[in-house]
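Student: Structure in structure tokens, see below.
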Amino acid sequence: MNIKFFCPRWGSTGLSWGDFLSKVKDAGYDGIEYGIANSTPASELEMVCRKAEQMGLLVIAQHYETSDLDINVHADNFAAWFRKIEPFNWIKVNSQTGKDFFTFEQNKRMIDVATAYADRTGMPVYHETHRGKFSFAAHITKEYLQKLPDLKLTLDISHWVNVAESFLENQPEAVELALERTGHLHARVGYPEGPQIPDPRSPEWEEALNKHLLWWDKVVYRICNQQGDNLVTISPEFGPHPYMVHLPGTGTPIANQWDVNVFMMQLLKARYA
């Protein structure tokens, strides 16, 4: 099975790029997922790509920041982000796209910007299922997928579990359609009251973990068995505070983000070996 694992830069920004990439390599990841702000200078992108290549690491570019309320400003800034990353060679692009309160046509305007970049460069763009974005809920994303047959997803289904306050038992058609259109996975486990369980190693969260594993299985086996590009990319993406709960009054996280993500990578490597 052709599966590559990517470490999020999110949560490790206190490390220099050199130290971070070395830690990623030593942990057994195949690459990084690099959240790029609108203000990130091109010199940093060039440096990160060069260092990653020297260490044999792949890079997924991640858009997350554009949040302007004015649709025209939002679209301009979104397009500017894609122009910024265009000179560089990513394995793929993951985009948190649009806003949950934009209309279908307004969000489609953003999706079209990403599609134009993909058409120009041949670099695939996957739109992350994420709260606050066009894809914030299963039933809403289903409409986009039905109307836009070329739309592809980064599946972070933990957000949908939280939004629906359920394990999506009542939305099987929306979930199955999303699984069929997924090209990148974020391996974070949510539960009905939150987008991130405290620790997937704890037995009390076994139900939530198993629900997500079964969803991920379907994506992994579909991609591995398809014709053409059968590369599966997975980013274990448990996040730092405020995703990671802290003990009251101490600022101490109840689990170590790095260790949790390495655990998820190792679990999935063994599962799909």
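Identifiers for the structure tokens are assigned positionally: chains receive A, B, ... in sequence, residues are indexed from 1 per chain, and ligands are indexed from 1 in the order shown.
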If you run DSSP on the backbone, which residues of stretch 48-216 of chain A are strand (DSSP E), as JSON, numbers by chain?
Tutor: {"A": [58, 59, 60, 61, 62, 63, 92, 93, 94, 95, 125, 126, 127, 128, 153, 154, 155, 182, 183, 184, 185, 186]}
Student: Just write the chosen residues, C-alpha atoms, as an mmCIF file, in the first residue's frame.
Tutor:
```cif
data_model
loop_
_atom_site.group_PDB
_atom_site.id
_atom_site.type_symbol
_atom_site.label_atom_id
_atom_site.label_comp_id
_atom_site.auth_asym_id
_atom_site.auth_seq_id
_atom_site.Cartn_x
_atom_site.Cartn_y
_atom_site.Cartn_z
ATOM 1 C CA LEU A 58 7.723 15.796 1.071
ATOM 2 C CA VAL A 59 5.664 18.946 1.700
ATOM 3 C CA ILE A 60 1.920 19.581 1.622
ATOM 4 C CA ALA A 61 1.022 23.274 1.527
ATOM 5 C CA GLN A 62 -1.901 24.243 3.744
ATOM 6 C CA HIS A 63 -4.096 27.323 3.439
ATOM 7 C CA LYS A 92 -0.533 18.572 -2.972
ATOM 8 C CA VAL A 93 -2.371 21.533 -1.478
ATOM 9 C CA ASN A 94 -4.863 21.422 1.375
ATOM 10 C CA SER A 95 -7.181 24.415 1.642
ATOM 11 C CA VAL A 125 -6.069 21.018 -4.322
ATOM 12 C CA TYR A 126 -8.197 19.357 -1.655
ATOM 13 C CA HIS A 127 -10.695 21.353 0.397
ATOM 14 C CA GLU A 128 -10.658 20.561 4.087
ATOM 15 C CA LEU A 153 -11.837 16.923 -0.081
ATOM 16 C CA THR A 154 -9.324 16.732 2.688
ATOM 17 C CA LEU A 155 -11.369 14.735 5.145
ATOM 18 C CA THR A 182 -11.492 12.384 -0.371
ATOM 19 C CA GLY A 183 -7.885 12.767 -1.534
ATOM 20 C CA HIS A 184 -6.136 13.556 1.759
ATOM 21 C CA LEU A 185 -6.834 12.548 5.357
ATOM 22 C CA HIS A 186 -6.433 14.404 8.629
#
```
Student: What's around A:Val232 at 12 Å? Count only C-alpha atoms, leave out sequence neighbours fewer than 5 positions away in its own chain, and write the answer as a list of chain:residue names.
Tutor: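 Listed by chain and then number, they are A:Met1, A:Asn2, A:Ile3, A:Lys4, A:Phe5, A:Phe6, A:Asp30, A:Ile91, A:Lys92, A:Thr154, A:Thr182, A:Gly183, A:His184, A:Leu185, A:His186, A:Trp216, A:Asp217, A:Lys218, A:Val219, A:Val220, A:Tyr221, A:Arg222, A:Ile223, A:Cys224, A:Asn225, A:Gln226, A:Leu268, A:Lys269, A:Tyr272.
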Student: Between atom CA of A:Pro198 and atom CA of A:Ala137, measure the distance and give it in Å to one decimal.
Tutor: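 Separating atom CA of A:Pro198 from atom CA of A:Ala137 is a distance of 22.0 Å.
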Student: What are the closest atom pairs, with distances in Å to one decimal, for all residues of stretch 31-106 of chain A lying within 10 Å of stretch 235-251 of chain A? Consider only C-alpha atoms, order rows by chain and residue number, and present the result as a Markdown table.
Tutor:
```
| residue | atom | partner | partner_atom | distance |
| --- | --- | --- | --- | --- |
| A:Gly31 | CA | A:Ser235 | CA | 9.2 |
| A:Ile32 | CA | A:Ser235 | CA | 8.1 |
| A:Glu33 | CA | A:Ser235 | CA | 7.2 |
| A:Ile60 | CA | A:Ser235 | CA | 9.6 |
```
Student: Could you dump the residues just selected with N, CA and C atoms as a PDB file, in the first residue's frame?
Tutor:
```
ATOM      1  N   GLY A  31       6.937  13.355   5.466  1.00  0.00           N
ATOM      2  CA  GLY A  31       6.922  14.755   5.080  1.00  0.00           C
ATOM      3  C   GLY A  31       6.224  15.591   6.129  1.00  0.00           C
ATOM      4  N   ILE A  32       5.932  16.829   5.737  1.00  0.00           N
ATOM      5  CA  ILE A  32       5.274  17.773   6.642  1.00  0.00           C
ATOM      6  C   ILE A  32       4.068  18.393   5.949  1.00  0.00           C
ATOM      7  N   GLU A  33       3.125  18.833   6.764  1.00  0.00           N
ATOM      8  CA  GLU A  33       2.035  19.682   6.272  1.00  0.00           C
ATOM      9  C   GLU A  33       2.275  21.077   6.832  1.00  0.00           C
ATOM     10  N   ILE A  60       3.275  19.179   1.978  1.00  0.00           N
ATOM     11  CA  ILE A  60       1.920  19.581   1.622  1.00  0.00           C
ATOM     12  C   ILE A  60       1.728  21.019   2.083  1.00  0.00           C
TER      13      ILE A  60
END
```
Student: Which residues are close to A:Phe263, i.e. within 12 Å by only C-alpha atoms, leaving aside same-chain residues fewer than 5 positions away? Reply as a PyMOL selection string.
Tutor: chain A and resi 7+27-29+187-188+199-202+236-238+255-258+268-270
Student: Any idea what the distance is between atom CA of A:Trp81 and atom CA of A:Ala37?
Tutor: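 A separation of 8.2 Å between them.
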Student: When distances are computed from only C-alpha atoms, which of A:Pro149, A:Gly228, A:Pro253, A:Gly98 shows the smallest separation from A:Glu65?
Tutor: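 Result for the nearest residue to A:Glu65: A:Gly98.
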Student: Let me make sure I understand: among A:His74, A:Arg271, A:Lys152, A:His159, which one has the smallest atom-to-atom distance to A:Thr115 if we use only C-alpha atoms?
Tutor: A:Lys152
Student: What does the distance from atom CA of A:Asp68 to atom CA of A:Lys99 come to in Å, to one decimal?
Tutor: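 Distance between the two atoms: 9.2 Å.
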Student: Within 8 Å of stretch 171-176 of chain A, counting only C-alpha atoms, which residues show up once you throw out same-chain ones fewer than 6 positions away? Write them as a VMD selection string, please.
Tutor: chain A and resid 138 to 139 141 to 142
Student: So which bits of stretch 59-230 of chain A end up helix (DSSP H, G or I) when you DSSP the backbone, as a VMD selection string?
Tutor: chain A and resid 71 to 85 104 to 121 138 to 147 158 to 164 172 to 180 203 to 225
